[in-house]
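Data file: protein-v6.cif. Format and content: mmCIF, C-alpha atoms.
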```cif
data_model
#
loop_
_atom_site.label_atom_id
_atom_site.label_comp_id
_atom_site.auth_asym_id
_atom_site.auth_seq_id
_atom_site.Cartn_x
_atom_site.Cartn_y
_atom_site.Cartn_z
CA MET D 29 165.42 38.04 -3.19
CA LYS D 30 164.28 40.72 -0.71
CA GLU D 31 161.33 38.56 0.33
CA ASN D 32 163.66 35.66 1.11
CA ARG D 33 165.89 37.87 3.29
CA PHE D 34 162.81 39.11 5.14
CA ARG D 35 161.68 35.51 5.76
CA LYS D 36 165.11 34.63 7.14
CA PHE D 37 164.98 37.70 9.38
CA ILE D 38 161.59 36.60 10.73
CA VAL D 39 162.87 33.07 11.36
CA VAL D 40 165.67 34.48 13.53
CA ILE D 41 163.95 37.39 15.27
CA CYS D 42 160.70 35.69 16.38
CA PRO D 43 162.27 33.05 18.65
CA ALA D 44 164.62 35.69 20.04
CA ALA D 45 161.69 37.99 20.84
CA ALA D 46 159.72 35.14 22.44
CA LEU D 47 162.72 34.17 24.56
CA ALA D 48 163.21 37.78 25.63
CA CYS D 49 159.57 37.99 26.73
CA ILE D 50 159.88 34.79 28.75
CA LEU D 51 163.13 35.91 30.38
CA MET D 52 161.70 39.35 31.20
CA LYS D 53 158.31 38.19 32.49
CA GLU D 54 158.85 39.79 35.91
CA GLN D 55 159.58 43.16 34.31
CA ILE D 56 156.55 42.79 32.05
CA ALA D 57 154.37 41.96 35.07
CA ALA D 58 155.73 44.99 36.94
CA LEU D 59 154.96 47.19 33.95
CA ALA D 60 151.44 45.76 33.64
CA VAL D 61 150.34 47.16 37.01
CA LYS D 62 150.96 50.67 35.65
CA PHE D 63 148.38 50.27 32.88
CA PRO D 64 145.23 52.35 33.37
CA LYS D 65 142.00 50.69 34.42
CA CYS D 66 139.37 50.06 31.74
CA LEU D 67 137.27 53.20 31.27
CA PHE D 68 134.40 51.24 29.70
CA TYR D 69 134.20 48.91 32.71
CA ALA D 70 134.48 51.83 35.13
CA ALA D 71 131.65 53.68 33.38
CA THR D 72 129.26 50.78 32.69
CA GLY D 73 130.22 47.88 34.94
CA TYR D 74 130.44 45.62 31.86
CA TYR D 75 133.56 44.00 30.48
CA CYS D 76 134.69 45.26 27.08
CA THR D 77 136.39 43.16 24.40
CA GLY D 78 139.81 44.11 25.79
CA CYS D 79 139.13 43.46 29.46
CA GLY D 80 141.40 40.71 30.72
CA ASN D 81 144.01 40.96 27.95
CA THR D 82 146.82 42.00 30.29
CA ARG D 83 146.03 39.24 32.77
CA SER D 84 145.75 36.78 29.89
CA VAL D 85 149.24 37.65 28.63
CA LEU D 86 150.67 37.40 32.15
CA HIS D 87 149.12 33.93 32.54
CA ILE D 88 150.61 32.88 29.18
CA LEU D 89 154.06 33.97 30.36
CA GLU D 90 153.58 31.81 33.46
CA GLY D 91 152.43 28.84 31.35
CA GLU D 92 148.87 28.96 32.75
CA PHE D 93 147.01 28.61 29.46
CA LEU D 94 143.58 27.71 30.85
CA LEU D 95 143.61 30.76 33.12
CA SER D 96 144.71 32.78 30.12
CA LEU D 97 141.69 31.58 28.16
CA ARG D 98 139.41 32.45 31.05
CA CYS D 99 140.73 36.02 31.26
CA ASN D 100 140.52 36.65 27.52
CA PRO D 101 141.10 34.19 24.65
CA ALA D 102 142.33 36.85 22.19
CA PRO D 103 146.05 36.87 23.16
CA LEU D 104 146.29 33.08 23.07
CA ILE D 105 144.48 32.91 19.72
CA LEU D 106 146.83 35.55 18.32
CA ILE D 107 149.91 33.74 19.64
CA ILE D 108 148.76 30.42 18.16
CA SER D 109 148.03 32.13 14.83
CA ALA D 110 151.46 33.79 14.85
CA LEU D 111 153.10 30.45 15.66
CA LEU D 112 151.32 28.77 12.75
CA LEU D 113 152.38 31.59 10.42
CA TYR D 114 155.94 31.24 11.71
CA ILE D 115 155.90 27.50 10.93
CA GLU D 116 154.52 28.26 7.46
CA ASN D 117 157.37 30.72 6.94
CA VAL D 118 160.03 28.20 8.02
CA LEU D 119 158.56 25.53 5.76
CA GLU D 120 158.46 28.00 2.87
CA LEU D 121 162.19 28.67 3.36
CA LEU D 122 162.78 24.91 3.25
CA GLY D 123 160.91 24.68 -0.05
CA TYR D 124 157.55 23.38 1.16
CA SER D 125 154.38 25.28 0.43
CA VAL D 126 152.07 24.47 3.33
CA ARG D 127 149.11 26.52 4.62
CA LEU D 128 148.38 25.79 8.28
CA LEU D 129 146.01 28.73 8.78
CA PRO D 130 142.76 28.93 6.84
CA ARG D 131 142.67 31.70 4.26
CA LYS D 132 138.89 31.76 3.86
CA LEU D 133 137.01 34.88 4.93
CA TRP D 134 134.17 32.86 6.48
CA PHE D 135 136.61 31.26 8.96
CA TRP D 136 137.90 34.58 10.24
CA LEU D 137 134.43 36.15 10.36
CA SER D 138 133.17 33.13 12.32
CA LEU D 139 136.09 33.42 14.73
CA VAL D 140 135.43 37.12 15.28
CA GLY D 141 131.71 36.41 15.67
CA LEU D 142 132.35 33.75 18.33
CA TYR D 143 134.69 36.14 20.12
CA VAL D 144 132.07 38.90 20.16
CA ILE D 145 129.43 36.45 21.45
CA TRP D 146 131.86 35.35 24.18
CA CYS D 147 132.55 38.98 25.10
CA VAL D 148 128.84 39.63 25.59
CA MET D 149 128.12 36.37 27.42
CA ARG D 150 130.91 36.82 29.96
CA ASN D 151 129.04 39.83 31.33
CA PHE D 152 126.10 37.61 32.26
CA ILE D 153 127.64 34.22 33.10
CA SER D 154 129.82 34.42 36.20
CA PHE D 155 132.08 31.50 35.20
CA LEU D 156 133.18 33.40 32.08
CA LYS D 157 134.22 36.55 33.93
CA PRO D 158 137.96 37.32 33.96
CA VAL D 159 139.85 36.10 37.01
#
```
How does this structure look as structure tokens?
Amino acid sequence: MKENRFRKFIVVICPAAALACILMKEQIAALAVKFPKCLFYAATGYYCTGCGNTRSVLHILEGEFLLSLRCNPAPLILIISALLLYIENVLELLGYSVRLLPRKLWFWLSLVGLYVIWCVMRNFISFLKPV
């Protein structure tokens, strides 16, 4: 019974949180300029795995998904994964047992591996650098 109440809570709170983020995008953007610069980039001149995340999120809030991917694909991948889990949760509440996200370890290890390869390659291919 507790699990069902938690699922219902998630179904209500997630859209509300997403709407709040969209409505407060100017405040989020103003807050983003106060974040510190990347110490790894400052010390080495190379982009780390987190470089571009803030810009990626700001592009998502503006609906610029291709620019978001160019800055850093991690936030968009996480948002898509969260959306698929949300849909799974709603369907579970409606009595359907559907798995939209793969549950195999090889899938997630491959995804992380591709992300790491991308993070290294963007330091050497100018088109992949964050905008």
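Here the PyMOL selection byres ((chain D and resi 93) around 12) matches the residues D:Arg83, D:Ser84, D:Val85, D:Leu86, D:His87, D:Ile88, D:Leu89, D:Glu90, D:Gly91, D:Glu92, D:Leu94, D:Leu95, D:Ser96, D:Leu97, D:Arg98, D:Cys99, D:Asn100, D:Pro101, D:Ala102, D:Pro103, D:Leu104, D:Ile105, D:Ile107, D:Ile108.
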Give the padded box for stretch 31-35 of chain D as JSON: axis-aligned, covering all atoms listed in the file, 3 Å on each side, centre and edge lengths in Å to one decimal.
```
{"center_x": 163.6, "center_y": 37.3, "center_z": 3.0, "size_x": 10.6, "size_y": 9.6, "size_z": 11.4}
```
Using all atoms listed in the file, which of D:Leu112, D:Asn81, D:Ile50, D:Ile145 sits nearest D:Lys65?
-> D:Asn81
Near-stretch 114-120 of chain D list (12 Å; all atoms listed in the file; drop same-chain fewer than 4 positions) as an MDAnalysis selection string = chainID D and resid 31:43 107:110 124:130
Can you list what the PyMOL selection byres ((chain D and resi 76-78) around 10) grabs from this structure, as a list in words?
-> Cys66, Leu67, Phe68, Tyr69, Thr72, Gly73, Tyr74, Tyr75, Cys79, Gly80, Asn81, Thr82, Cys99, Asn100, Ala102, Pro103, Tyr143, Val144, Trp146, Cys147, Val148, Arg150 and Asn151 of chain D
Rounded to one decimal place, report the atom CA of D:Ala60-atom CA of D:Pro158 distance in Å.
-> 15.9 Å
For atom CA of D:Val61 and atom CA of D:Cys49, the interatomic separation in Å (one decimal) =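 Distance between the two atoms: 16.6 Å.
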Enter the distance from atom CA of D:Val159 to atom CA of D:Met52, in Å, rounded to one decimal.
->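 Between atom CA of D:Val159 and atom CA of D:Met52 the gap is 22.8 Å.
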